[in-house]
Every structure is written in structure tokens, then in C-alpha cells.
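S.K.: Below is the file entry-v2.cif, with mmCIF, C-alpha atoms and all ligand atoms.
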```cif
data_run
#
loop_
_atom_site.label_atom_id
_atom_site.label_comp_id
_atom_site.auth_asym_id
_atom_site.auth_seq_id
_atom_site.Cartn_x
_atom_site.Cartn_y
_atom_site.Cartn_z
CA MET A 32 5.16 5.78 -33.49
CA SER A 33 6.57 3.27 -35.92
CA GLN A 34 6.84 -0.35 -34.98
CA ASN A 35 10.64 -0.51 -34.88
CA THR A 36 11.25 2.49 -32.66
CA ARG A 37 8.67 1.41 -30.13
CA ARG A 38 10.15 0.09 -26.91
CA PRO A 39 9.33 -3.52 -26.20
CA THR A 40 6.95 -3.95 -23.30
CA ILE A 41 6.93 -6.34 -20.39
CA HIS A 42 3.96 -7.92 -22.15
CA GLU A 43 6.09 -8.80 -25.17
CA VAL A 44 8.83 -10.16 -22.95
CA ALA A 45 6.24 -12.42 -21.33
CA ARG A 46 4.91 -13.57 -24.70
CA VAL A 47 8.35 -14.33 -26.14
CA ALA A 48 9.43 -16.10 -22.96
CA GLY A 49 6.15 -18.02 -22.87
CA VAL A 50 5.46 -17.00 -19.30
CA SER A 51 3.05 -14.68 -17.52
CA ILE A 52 3.77 -11.01 -16.91
CA GLY A 53 3.83 -11.89 -13.25
CA THR A 54 6.74 -14.24 -13.83
CA VAL A 55 8.63 -11.53 -15.71
CA SER A 56 8.02 -9.15 -12.85
CA ASN A 57 9.16 -11.83 -10.40
CA VAL A 58 12.40 -12.23 -12.33
CA LEU A 59 13.00 -8.47 -12.34
CA ASN A 60 11.96 -8.44 -8.74
CA GLY A 61 14.36 -11.15 -7.65
CA THR A 62 11.63 -13.13 -5.93
CA ALA A 63 12.79 -16.65 -5.16
CA VAL A 64 9.74 -18.38 -6.56
CA VAL A 65 10.75 -18.37 -10.24
CA ARG A 66 12.01 -21.73 -11.49
CA PRO A 67 15.54 -21.50 -12.95
CA GLU A 68 14.46 -22.58 -16.46
CA LEU A 69 11.76 -19.93 -16.52
CA ARG A 70 14.23 -17.34 -15.32
CA VAL A 71 16.55 -18.23 -18.22
CA GLN A 72 13.65 -17.96 -20.69
CA VAL A 73 12.78 -14.53 -19.36
CA GLU A 74 16.37 -13.32 -19.42
CA GLN A 75 16.75 -14.55 -23.01
CA ALA A 76 13.56 -12.76 -24.06
CA ILE A 77 14.83 -9.57 -22.43
CA THR A 78 18.07 -9.81 -24.42
CA THR A 79 16.37 -10.77 -27.69
CA LEU A 80 13.91 -7.92 -27.53
CA GLY A 81 16.35 -5.42 -26.13
CA TYR A 82 13.86 -4.79 -23.39
CA ARG A 83 14.67 -1.91 -21.12
CA PRO A 84 12.72 -1.95 -17.91
CA ASN A 85 10.26 0.89 -17.56
CA THR A 86 9.28 2.58 -14.35
CA ILE A 87 7.60 -0.46 -12.89
CA ALA A 88 10.50 -2.72 -13.57
CA ARG A 89 12.89 -0.08 -12.31
CA MET A 90 10.93 0.09 -9.13
CA LEU A 91 11.08 -3.68 -8.80
CA ILE A 92 14.80 -3.64 -9.43
CA ALA A 93 15.20 -0.91 -6.85
CA ARG A 94 13.46 -3.20 -4.45
CA ARG A 95 15.87 -6.00 -5.22
CA ALA A 96 18.82 -3.70 -4.62
CA ARG A 97 17.28 -2.60 -1.39
CA GLU A 98 16.69 -6.13 -0.21
CA SER A 99 20.13 -7.36 -1.11
CA GLY A 100 22.02 -4.82 0.90
CA LEU A 101 20.92 -1.38 1.83
CA ARG A 102 17.86 -2.26 3.83
CA ILE A 103 15.50 0.58 4.43
CA SER A 104 15.03 1.23 8.11
CA ALA A 105 12.69 -1.20 9.75
CA GLY A 106 9.22 0.23 9.30
CA PRO A 107 5.94 -1.63 9.30
CA LYS A 108 4.90 -3.69 6.33
CA LEU A 109 1.61 -4.97 4.97
CA THR A 110 1.21 -7.92 2.65
CA SER A 111 -2.30 -8.13 1.26
CA VAL A 112 -3.26 -11.48 -0.25
CA GLY A 113 -6.10 -11.94 -2.69
CA TYR A 114 -8.33 -10.44 -5.26
CA LEU A 115 -7.28 -7.95 -7.94
CA SER A 116 -9.61 -7.07 -10.78
CA VAL A 117 -10.21 -4.51 -13.44
CA ASP A 118 -13.58 -2.85 -13.04
CA TYR A 119 -15.50 -1.56 -16.07
CA THR A 120 -18.10 0.92 -14.91
CA ALA A 121 -20.90 2.02 -17.22
CA ARG A 122 -23.38 4.74 -16.30
CA VAL A 123 -26.76 3.89 -17.75
CA ASP A 124 -30.13 5.67 -17.66
CA ALA A 125 -31.85 2.44 -16.71
CA LEU A 126 -30.88 -1.20 -16.39
CA PRO A 127 -31.07 -2.98 -19.75
CA ARG A 128 -33.88 -5.42 -20.41
CA ARG A 129 -33.47 -8.58 -22.42
CA ASP A 130 -32.50 -7.88 -26.05
CA ASP A 131 -31.84 -4.21 -25.24
CA ARG A 132 -28.83 -2.46 -26.59
CA LEU A 133 -27.84 0.70 -24.78
CA THR A 134 -25.21 3.36 -24.89
CA ALA A 135 -23.61 4.34 -21.63
CA ALA A 136 -22.39 7.87 -21.08
CA GLY A 137 -18.95 6.35 -20.73
CA ILE A 138 -17.36 3.08 -19.76
CA GLU A 139 -14.59 3.75 -17.30
CA LYS A 140 -11.87 1.35 -16.33
CA SER A 141 -10.58 1.30 -12.76
CA LEU A 142 -8.60 -0.90 -10.45
CA GLY A 143 -10.55 -3.01 -8.00
CA GLY A 144 -10.56 -6.19 -5.99
CA PRO A 145 -10.63 -6.16 -2.18
CA ALA A 146 -7.01 -7.15 -1.54
CA ALA A 147 -5.77 -4.55 -4.03
CA ASN A 148 -7.98 -1.87 -2.47
CA VAL A 149 -6.65 -2.63 1.02
CA ALA A 150 -3.02 -2.37 -0.12
CA VAL A 151 -3.58 0.84 -2.10
CA MET A 152 -5.47 2.57 0.70
CA ALA A 153 -2.79 1.67 3.24
CA ALA A 154 0.01 2.80 0.93
CA SER A 155 -1.71 6.12 0.17
CA LEU A 156 -1.48 7.42 3.72
CA GLY A 157 2.24 8.18 3.80
CA GLY A 158 3.63 10.71 6.28
CA ARG A 159 3.69 9.42 9.81
CA TRP A 160 1.83 6.27 8.76
CA ALA A 161 4.07 5.33 5.88
CA ILE A 162 4.05 1.60 5.39
CA ALA A 163 5.59 -0.72 2.79
CA CYS A 164 2.72 -2.43 0.99
CA GLU A 165 2.71 -5.43 -1.28
CA LEU A 166 -0.04 -7.36 -2.97
CA VAL A 167 0.14 -11.10 -3.50
CA THR A 168 -2.26 -11.85 -6.31
CA ALA A 169 -2.82 -13.60 -9.63
CA LEU A 170 -1.77 -11.72 -12.73
CA GLY A 171 -2.50 -12.84 -16.25
CA ASN A 172 -0.77 -12.45 -19.54
CA ASP A 173 -2.95 -9.69 -20.93
CA THR A 174 -2.76 -5.93 -21.27
CA ASP A 175 -5.15 -5.45 -18.34
CA SER A 176 -2.62 -7.20 -16.12
CA GLU A 177 0.14 -4.94 -17.34
CA TRP A 178 -2.08 -1.94 -16.81
CA ALA A 179 -2.98 -3.05 -13.28
CA LEU A 180 0.68 -3.60 -12.46
CA SER A 181 1.54 -0.07 -13.53
CA GLN A 182 -1.42 1.40 -11.61
CA LEU A 183 -0.38 -0.44 -8.49
CA ALA A 184 3.22 0.69 -8.90
CA ALA A 185 2.06 4.29 -9.30
CA ARG A 186 0.15 3.88 -6.04
CA SER A 187 3.27 2.56 -4.29
CA VAL A 188 2.14 -1.04 -4.06
CA GLU A 189 4.55 -3.78 -5.03
CA THR A 190 2.94 -6.72 -6.74
CA ILE A 191 4.05 -10.27 -6.09
CA ALA A 192 2.49 -12.41 -8.78
CA ILE A 193 1.33 -15.92 -8.18
CA ARG A 194 2.05 -18.09 -11.19
CA GLY A 195 -0.89 -18.55 -13.47
CA GLY A 196 -1.48 -20.41 -16.69
CA LEU A 197 -0.29 -18.94 -19.98
CA ASP A 198 -3.81 -18.15 -21.02
CA ARG A 199 -4.52 -16.30 -17.83
CA ARG A 200 -5.84 -12.81 -17.89
CA LEU A 201 -6.88 -10.41 -15.19
CA SER A 202 -10.25 -10.98 -13.61
CA ARG A 203 -12.87 -8.52 -14.87
CA CYS A 204 -15.84 -6.94 -13.23
CA ILE A 205 -18.71 -5.12 -14.94
CA ILE A 206 -20.60 -2.50 -12.98
CA LEU A 207 -23.77 -0.83 -14.23
CA VAL A 208 -24.56 2.38 -12.38
CA GLU A 209 -28.06 3.83 -12.49
CA PRO A 210 -28.70 7.59 -12.16
CA ASP A 211 -29.65 7.19 -8.48
CA GLY A 212 -26.29 5.51 -7.82
CA ARG A 213 -27.49 1.94 -7.53
CA ARG A 214 -25.03 -0.61 -8.85
CA THR A 215 -25.50 -3.94 -10.57
CA ILE A 216 -22.31 -5.96 -10.53
CA VAL A 217 -21.15 -8.93 -12.56
CA ASN A 218 -17.94 -10.57 -11.32
CA GLU A 219 -15.79 -13.28 -12.79
CA PRO A 220 -14.63 -16.10 -10.60
CA PHE A 221 -11.17 -15.46 -9.26
CA VAL A 222 -8.92 -18.25 -8.11
CA LEU A 223 -5.41 -17.95 -6.79
CA GLU A 224 -3.80 -21.13 -8.05
CA GLU A 225 -1.87 -21.48 -4.86
CA THR A 226 -2.67 -22.82 -1.45
CA ASN A 227 0.60 -22.09 0.30
CA VAL A 228 1.04 -18.40 0.95
CA VAL A 229 4.28 -18.92 2.89
CA ARG A 230 6.11 -19.36 -0.40
CA TYR A 231 5.46 -15.72 -1.22
CA LEU A 232 6.65 -14.19 2.01
CA ASP A 233 10.32 -13.66 1.48
CA HIS A 234 11.46 -13.66 5.07
CA ALA A 235 10.16 -13.65 8.58
CA PRO A 236 9.81 -10.18 10.08
CA GLU A 237 12.86 -8.81 11.80
CA ASP A 238 12.65 -8.20 15.49
CA GLY A 239 10.55 -5.23 16.30
CA LYS A 240 9.20 -4.89 12.79
CA CYS A 241 5.46 -5.15 12.43
CA HIS A 242 4.66 -7.14 9.35
CA CYS A 243 1.02 -8.04 8.84
CA VAL A 244 -0.26 -10.54 6.30
CA HIS A 245 -3.86 -9.74 5.41
CA PHE A 246 -6.19 -12.13 3.57
CA ASP A 247 -9.38 -11.31 1.76
CA GLY A 248 -12.18 -13.70 2.56
CA TYR A 249 -12.19 -15.21 -0.91
CA GLN A 250 -8.80 -16.84 -0.32
CA VAL A 251 -9.05 -18.00 3.26
CA THR A 252 -10.70 -21.33 2.62
CA THR A 253 -8.11 -22.50 0.07
CA MET A 254 -5.15 -21.17 2.04
CA ALA A 255 -6.40 -22.27 5.46
CA ASP A 256 -3.67 -24.88 5.91
CA SER A 257 -0.77 -22.49 5.45
CA ILE A 258 -2.16 -19.61 7.53
CA PRO A 259 -1.15 -21.00 10.96
CA ARG A 260 2.42 -21.26 9.62
CA VAL A 261 2.36 -17.58 8.70
CA HIS A 262 1.50 -16.88 12.30
CA ASP A 263 4.20 -19.20 13.62
CA LEU A 264 6.79 -17.41 11.49
CA GLY A 265 6.10 -14.24 13.46
CA PHE A 266 3.76 -12.37 11.13
CA ILE A 267 0.66 -10.63 12.37
CA THR A 268 -2.35 -12.07 10.56
CA SER A 269 -5.58 -10.41 9.55
CA VAL A 270 -8.70 -11.50 7.68
CA HIS A 271 -11.57 -9.70 5.97
CA THR A 272 -14.65 -11.88 6.22
CA THR A 273 -16.40 -10.32 3.22
CA GLY A 274 -16.11 -12.96 0.52
CA LEU A 275 -16.21 -15.90 2.89
CA PRO A 276 -18.43 -18.64 1.57
CA GLN A 277 -21.77 -19.17 3.28
CA ASP A 278 -20.67 -22.26 5.20
CA TRP A 279 -17.95 -20.19 6.91
CA ARG A 280 -20.52 -17.72 8.19
CA THR A 281 -21.38 -19.54 11.37
CA PRO A 282 -20.60 -18.85 15.06
CA GLU A 283 -18.31 -21.89 15.04
CA ALA A 284 -16.32 -20.66 12.03
CA PHE A 285 -16.14 -17.18 13.53
CA ARG A 286 -14.60 -18.55 16.73
CA HIS A 287 -12.12 -20.44 14.62
CA LEU A 288 -11.15 -17.27 12.73
CA ARG A 289 -10.84 -15.31 15.91
CA ALA A 290 -8.55 -17.90 17.42
CA GLY A 291 -6.40 -18.06 14.30
CA PHE A 292 -6.10 -14.42 13.23
CA ASP A 293 -4.88 -11.41 15.15
CA LEU A 294 -7.48 -9.21 13.50
CA VAL A 295 -10.88 -10.16 12.12
CA PHE A 296 -12.83 -7.61 10.05
CA VAL A 297 -16.58 -8.14 9.70
CA ASN A 298 -19.25 -5.98 8.10
CA ARG A 299 -22.90 -5.82 9.11
CA ASP A 300 -24.07 -8.23 6.41
CA VAL A 301 -21.60 -10.93 7.36
CA ALA A 302 -22.31 -10.37 11.08
CA ARG A 303 -26.00 -10.91 10.38
CA ASP A 304 -25.23 -14.15 8.58
CA ILE A 305 -22.99 -15.35 11.40
CA LEU A 306 -25.50 -14.45 14.08
CA GLN A 307 -28.56 -15.49 12.06
CA PHE A 308 -30.02 -12.24 13.30
CA SER A 309 -31.18 -9.16 11.46
CA GLY A 310 -32.14 -6.77 14.25
CA SER A 311 -30.72 -3.43 15.34
CA ASP A 312 -27.07 -2.45 15.22
CA SER A 313 -26.87 -2.19 19.00
CA GLU A 314 -28.15 -5.75 19.35
CA ILE A 315 -25.68 -6.94 16.67
CA VAL A 316 -22.88 -5.30 18.64
CA ARG A 317 -24.02 -6.99 21.84
CA ARG A 318 -24.24 -10.38 20.18
CA VAL A 319 -20.84 -10.08 18.50
CA GLN A 320 -19.38 -9.16 21.87
CA ARG A 321 -20.94 -12.21 23.44
CA LEU A 322 -19.52 -14.35 20.66
CA CYS A 323 -16.07 -12.85 21.24
CA LEU A 324 -16.31 -13.64 24.95
CA ASP A 325 -16.91 -17.26 24.03
CA THR A 326 -13.52 -17.61 22.41
CA LEU A 327 -10.23 -17.00 24.03
CA PRO A 328 -7.93 -15.75 21.34
CA SER A 329 -4.95 -18.10 21.57
CA LYS A 330 -1.75 -16.61 20.16
CA ALA A 331 -3.79 -13.91 18.54
CA LYS A 332 -4.01 -10.27 19.50
CA GLY A 333 -7.73 -10.74 19.41
CA LEU A 334 -9.06 -7.61 17.73
CA VAL A 335 -12.43 -7.83 16.02
CA LEU A 336 -13.67 -4.88 13.93
CA LEU A 337 -17.30 -4.60 12.92
CA THR A 338 -18.25 -1.99 10.30
CA LEU A 339 -21.78 -0.67 10.21
CA GLY A 340 -21.99 1.40 7.02
CA ALA A 341 -23.13 4.98 7.60
CA SER A 342 -23.35 4.26 11.33
CA GLY A 343 -19.58 3.81 11.67
CA ALA A 344 -17.84 0.89 13.29
CA ALA A 345 -17.18 -0.99 16.51
CA LEU A 346 -14.02 -2.49 17.91
CA PHE A 347 -13.94 -5.50 20.21
CA ALA A 348 -10.69 -5.73 22.10
CA ALA A 349 -9.15 -8.80 23.69
CA ASP A 350 -10.02 -7.45 27.15
CA ASP A 351 -13.79 -7.46 26.30
CA LYS A 352 -13.90 -3.71 25.83
CA VAL A 353 -16.10 -2.41 23.04
CA LEU A 354 -15.38 0.90 21.36
CA MET A 355 -17.92 2.56 19.10
CA GLN A 356 -17.01 5.11 16.48
CA SER A 357 -19.65 7.02 14.55
CA ALA A 358 -19.05 8.03 10.94
CA PRO A 359 -18.67 11.68 9.96
CA PRO A 360 -21.46 13.12 7.86
CA VAL A 361 -20.44 12.91 4.21
CA GLU A 362 -22.04 13.28 0.79
CA THR A 363 -21.97 9.68 -0.28
CA VAL A 364 -21.74 8.91 -4.01
CA ASP A 365 -20.37 5.38 -4.11
CA THR A 366 -19.80 3.03 -1.20
CA THR A 367 -17.84 0.46 -3.23
CA GLY A 368 -14.69 -0.49 -1.35
CA ALA A 369 -15.60 1.41 1.84
CA GLY A 370 -14.93 -1.69 3.91
CA ASP A 371 -11.57 -2.22 2.15
CA THR A 372 -10.56 1.36 2.93
CA PHE A 373 -11.49 0.78 6.53
CA VAL A 374 -9.24 -2.29 6.68
CA GLY A 375 -6.29 -0.65 4.90
CA VAL A 376 -6.32 2.46 7.05
CA PHE A 377 -6.90 0.59 10.29
CA LEU A 378 -3.95 -1.71 9.60
CA ALA A 379 -1.59 1.04 8.42
CA THR A 380 -2.21 3.31 11.39
CA TRP A 381 -2.29 0.51 13.96
CA LEU A 382 0.89 -1.12 12.61
CA ASN A 383 2.48 2.31 12.90
CA GLY A 384 1.82 2.28 16.61
CA GLU A 385 -1.54 4.05 16.94
CA SER A 386 -3.84 2.69 19.65
CA PRO A 387 -6.75 0.55 18.44
CA ALA A 388 -9.09 3.42 19.40
CA ALA A 389 -7.17 5.95 17.31
CA ALA A 390 -6.82 3.52 14.40
CA LEU A 391 -10.59 2.95 14.55
CA ARG A 392 -11.22 6.69 14.32
CA TYR A 393 -8.89 7.17 11.36
CA ALA A 394 -10.26 4.10 9.58
CA VAL A 395 -13.86 5.27 9.92
CA THR A 396 -12.97 8.77 8.74
CA ALA A 397 -11.04 7.55 5.69
CA ALA A 398 -13.69 4.97 4.80
CA SER A 399 -16.47 7.53 4.98
CA LEU A 400 -14.45 9.96 2.85
CA SER A 401 -13.85 7.18 0.32
CA THR A 402 -17.60 7.06 -0.30
CA THR A 403 -17.60 10.66 -1.56
CA ALA A 404 -15.95 9.70 -4.88
CA GLU A 405 -16.69 7.16 -7.59
CA GLY A 406 -14.80 3.89 -7.58
CA ALA A 407 -13.28 1.75 -4.88
CA GLN A 408 -10.07 3.78 -4.91
CA GLY A 409 -11.55 7.08 -6.05
CA ARG A 410 -10.71 9.00 -2.91
CA ARG A 411 -7.52 7.99 -1.20
CA SER A 412 -6.85 9.80 2.06
CA THR A 413 -3.37 10.85 3.08
CA ALA A 414 -2.11 11.00 6.65
CA GLU A 415 -2.22 14.76 6.36
CA ASP A 416 -5.94 14.75 5.39
CA LEU A 417 -6.86 12.50 8.27
CA LEU A 418 -4.85 14.37 10.87
CA ALA A 419 -6.43 17.64 9.78
CA LEU A 420 -9.90 16.11 10.07
CA ALA A 421 -9.23 14.41 13.37
CA GLY A 422 -9.24 17.89 14.88
CA GLU A 423 -12.90 18.21 13.92
CA ASP A 424 -15.09 16.38 16.33
CA HIS A 425 -17.47 14.06 14.54
CA GLY A 426 -18.69 11.98 17.36
CA VAL A 427 -15.24 11.14 18.66
CA ALA A 428 -16.03 12.39 22.12
CA ALA A 429 -19.32 10.53 22.12
CA ALA A 430 -17.52 7.40 21.02
CA GLU A 431 -15.06 7.72 23.82
CA LYS A 432 -17.86 8.09 26.32
CA SER A 433 -19.44 4.89 25.10
CA SER A 434 -16.16 3.05 25.23
CA ALA A 435 -17.11 1.70 28.59
CA ARG A 436 -18.11 -1.92 28.55
CA ILE A 437 -21.39 -2.78 26.99
CA ALA A 438 -22.84 -5.22 29.50
N1 LIG A 501 -23.21 5.53 3.50
C1 LIG A 501 -22.10 5.80 4.22
N2 LIG A 501 -21.90 7.02 4.77
C2 LIG A 501 -20.81 7.28 5.52
N3 LIG A 501 -19.84 6.39 5.75
C3 LIG A 501 -19.96 5.17 5.20
C4 LIG A 501 -21.09 4.81 4.40
N4 LIG A 501 -20.94 3.52 4.01
C5 LIG A 501 -19.75 3.12 4.53
N5 LIG A 501 -19.16 4.10 5.25
C6 LIG A 501 -17.87 4.04 5.96
O1 LIG A 501 -17.17 2.88 5.51
C7 LIG A 501 -16.96 1.96 6.59
C8 LIG A 501 -17.17 0.56 6.07
O2 LIG A 501 -18.41 0.48 5.43
P1 LIG A 501 -19.36 -0.80 5.42
O3 LIG A 501 -20.53 -0.45 4.57
O4 LIG A 501 -19.65 -1.24 6.81
O5 LIG A 501 -18.43 -1.90 4.72
P2 LIG A 501 -18.61 -2.71 3.33
O6 LIG A 501 -17.85 -1.94 2.31
O7 LIG A 501 -18.00 -4.02 3.66
O8 LIG A 501 -20.08 -2.79 3.02
C9 LIG A 501 -17.95 2.38 7.66
O9 LIG A 501 -17.44 2.03 8.94
C10 LIG A 501 -18.04 3.88 7.45
O10 LIG A 501 -16.94 4.52 8.06
MG MG A 502 -21.44 -1.03 2.73
#
```
Translate this structure into C-alpha cells?
M.R.:
Amino acid sequence: MSQNTRRPTIHEVARVAGVSIGTVSNVLNGTAVVRPELRVQVEQAITTLGYRPNTIARMLIARRARESGLRISAGPKLTSVGYLSVDYTARVDALPRRDDRLTAAGIEKSLGGPAANVAVMAASLGGRWAIACELVTALGNDTDSEWALSQLAARSVETIAIRGGLDRRLSRCIILVEPDGRRTIVNEPFVLEETNVVRYLDHAPEDGKCHCVHFDGYQVTTMADSIPRVHDLGFITSVHTTGLPQDWRTPEAFRHLRAGFDLVFVNRDVARDILQFSGSDSEIVRRVQRLCLDTLPSKAKGLVLLTLGASGAALFAADDKVLMQSAPPVETVDTTGAGDTFVGVFLATWLNGESPAAALRYAVTAASLSTTAEGAQGRRSTAEDLLALAGEDHGVAAAEKSSARIA
């Protein structure tokens, strides 16, 4: 295609306007956070280049139209705050040694980052668990950011970009996969240059509408001051403790999280850090329950979810009940993002009115299925898939039997 017939991209608009792609998308999106002078710059660049919004922009514009009048009927909504990255996965015969140069069978690019995974997995369900999903994250000015934005749009996730510097690009992650499936991961630091998340939530939830704001653990420490305000505005709040720094992995910090968030998601590794204990799962469950009993959840709904890898997950309810759910037998290829799938599916089904016990069952099933394909978002379950599988008993009955209190 010759240069002059090619349609200008959102990337070029951003470059000409001297802003990030996220800002361009925010202008198209009608989000209130764009400063007027930046908005003018973007609008001028759009005119100069003769930019015609593509599918993503059209989707964002559709959203603006929807928000400014014809509201879609009040369904549940999930806002996931945090990490988005582009993962480069290389399959290698063996890990390189110093000064080695190797050829991988292929280097694949995929979308990753815990907050992005949660939003995508929730949005993929559809059907009776349809939920509006948005991701509040940092976008850069590079082609990876544009690519991620289009991938997210294709997976029905709206992206709300936090302003970044002009030189910003999307955070990258390199994953080396050995023939036996083991992974060696190199991450870049990821910082959301924002401490006040309230700015990105366009309005308080309407009466009767369940709107949950979910944080990945990497962002909680910097956003800690604004989180209580999110709660006070009427949002349901949720946190994934994976990614919490070491000094937040203490019984004291856990009590604090439990008092401040409606839902707290913990995996076995983090639970071991918090408890300073590395014994059996059943003992971990008992100790987490004891820790939960120590804290009265204040305004919070008080749900704690503990995931235990291939062993499934446990739910600790506000009334001290513990529910165990075993995982279905699956052919696991890649467990990356299993915990994120668990969170996304739990939230989407629970916000759609499923009981915590049912949401637990669906979350475990979807998370286990997600491990049967490569990549964090490689296997995305739909509501239809999960409902079909829920008919097959994989320990559901056993789980219900053990739902009695663990003394
Ligand atoms: N090896 C596995 N086999 C089957 N299911 C798994 C496996 N690993 C994870 N899962 C599923 O994913 C959920 C979350 O996994 P877990 O490993 O606890 O989280 P994380 O991704 O944080 O390490 C589990 O509750 C389970 O349903
Ligand atoms: Mg795991």
C-alpha cells in the first residue's frame, strides 16, 4: 500500500498531537480527564491527518454516545485497575548460558498483565454473566500500546488510559519456555503514574447496579489513599494480593486489606508469606480462617478467596463459613494467569447474582481450563462452556459436603 493512500493511525494522531495514544483514546472516549489544551491538540491532529476512527475508536465513540443518552440497561460492571503488558514468549530447547546465542522455534507476542487478564476473562463469559468491563492502565506511545488497545477492544474490554509521559511505551515481558513447560520470566517495572483512582471512575454506581473496582496487588500500595473513597462512593472493591510487596505480606496487613476491601484474593504462595508457614493446604486453610476470624470486616462484604493451584480453591465467608472447591482434572500446559482467570470469573459470576459458592465453582472450573492452553489468555471460557461443564460433577458434591465449618 502506498504511503498516501494509507489511513492515518491513532499512533500518528498521538505523535502529531504530541500526546500518548491513551490521551487520544480518552478524547475519542469522552473521558473527563483530558485537559482542554490537550483535547484541542488531539482534535487538530485528527483534522490535519484526516484521521478516521477505526474499529477501536468507533467502539469508544459508541460508548460516549451510550453514556450521554441511551444508557444500556443497568447491568453489572467491572473496572480492573493495574498492570497491562505485552508478553514475548520464546520456546527454547534449553535455557541460554552466558554468551550463548539461540534460535527459538518462534517468538510469540501475547497480551498479559494481571489486571488486563482479569478484565478479559470476565468479559469473555457473556451470556447470562455478561458484564461491562474496563481496564484502567498505563498506555504508552508505541505500536505495542496500539496493538494492546485493539486486542482489548476485540475482547470487549474498554481501556481507560492513565496519562503517561511522551516517551512511554507499553511494559514488556520476556518468557522463555523450556520443552518441559518450565518458564523463566523477565518483567519490566510497571508504574501507574497516578495515585488517585477516583479520577478515572466516571460516576458512582446507580442504585442497584453492581460496579466493582478491582486492583492488582502491584498498584495497591501507591493507590492506598484513594481506595477508601472508592468504597465510600458506593463501589464494591476487590484486591488481588499477588504482586503485593513483601512488607504487605503480614497478618497485620492482611487484616487491613480485609477490613478495607469487599473481596480479597490470595494464592497459596502469598498465604504462606502472610502466615510464615509452609505446611499442608488444610493447615493453611485453617490458619487463614483463624486470621479472618480476627478481623471484623467493617463496611466490607468480607469475602476472602484462597487459590491452591491444582488443588482448587477455598472461600471464607463473612459468617466464618469455609467452602472448599476441588479443581477438575485437566491436561495442564501453562498455568500463567490461572489466578487472574479465577478472579475475573469469580467477580463476573458473583456480580451477576450467583451465590459465592456457585461463583467459586465456576471460577475454579474456568481457571483450571485456562491452564490447558498456552498464554495467560489462551483459553477464555464462555458462560455456555462453564454451564455445560457444571453438569459434570468434578468434586462439587464433595465440596458441598465439606462446606460445613472447619473448626
Ligand atoms: N496445575 C493446575 N491444574 C488444574 N488447575 C489449576 C492448576 N493450576 C491452577 N489451577 C486453577 O487455577 C486456579 C488458580 O491457580 P493458582 O495456581 O492458585 O493461582 P496463581 O495463578 O496465582 O498461581 C486454581 O484454583 C485452579 O482452579
Ligand atoms: Mg499457580
S.K.: Extending 8 Å beyond the listed atoms of ligand LIG 501 (chain A) on each side, what axis-aligned box results? I want centre and edge lengths in Å to one decimal, as lines of an AutoDock Vina configuration file.
M.R.:
```
center_x = -20.1
center_y = 1.6
center_z = 5.6
size_x = 22.3
size_y = 27.3
size_z = 22.6
```
S.K.: Considering all atoms listed in the file, can you say which of A:Leu324, A:Leu382, A:Leu166, A:Ala407 comes closest to ligand LIG 501 (chain A)?
M.R.: A:Ala407
S.K.: Using only C-alpha atoms, which residue out of A:Ala414, A:Arg70, A:Arg46, A:Tyr231 lies closest to A:Gly158?
M.R.: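 With only C-alpha atoms as the atom set, the closest residue is A:Ala414.
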S.K.: Can you pull out every residue within 7 Å of A:Asn298, counting all atoms listed in the file, but drop anything in the same chain fewer than 3 positions away, and send it as a list in words?
M.R.: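 Everything that qualifies: Val301, Ala302, Leu337, Thr338 and Leu339 of chain A.
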S.K.: Could you pull out the residues sitting within 8 Å of ligand LIG 501 (chain A), using only C-alpha atoms and all ligand atoms, and write them as a VMD selection string?
M.R.: chain A and resid 273 297 to 300 337 to 344 357 to 363 366 to 373 394 to 402
S.K.: Rounded to one decimal in Å, what is the spacing between atom CA of A:Pro210 and atom CA of A:Lys140?
M.R.: 18.4 Å
S.K.: I'd like the interatomic distance between atom CA of A:Met152 and atom CA of A:Gly375, to a tenth of an Å.
M.R.: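 Taking atom CA of A:Met152 as the start and atom CA of A:Gly375 as the end point, the length is 5.4 Å.
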S.K.: Excluding stretch 110-121 of chain A and residues on its chain fewer than 2 positions from it, collect all residues at most 6 Å away from it, counting all atoms listed in the file, and give them as a PyMOL selection string.
M.R.: chain A and resi 135+137-147+150+164-168+202-207+244-247
S.K.: Show which residues sit within 6 Å of A:Ala345, as a ChimeraX atom specification. Count only C-alpha atoms, and ignore same-chain residues fewer than 2 positions away.
M.R.: /A:336-337,354-355
S.K.: Those residues with C-alpha atoms, as a PDB file, in the frame of the given file please?
M.R.:
```pdb
ATOM      1  CA  LEU A 336     -13.670  -4.880  13.930  1.00  0.00           C
ATOM      2  CA  LEU A 337     -17.300  -4.600  12.920  1.00  0.00           C
ATOM      3  CA  LEU A 354     -15.380   0.900  21.360  1.00  0.00           C
ATOM      4  CA  MET A 355     -17.920   2.560  19.100  1.00  0.00           C
TER       5      MET A 355
END
```
S.K.: Suppose you want the space between atom CA of A:Arg128 and atom CA of A:Arg200; what is it in Å?
M.R.: 29.1 Å
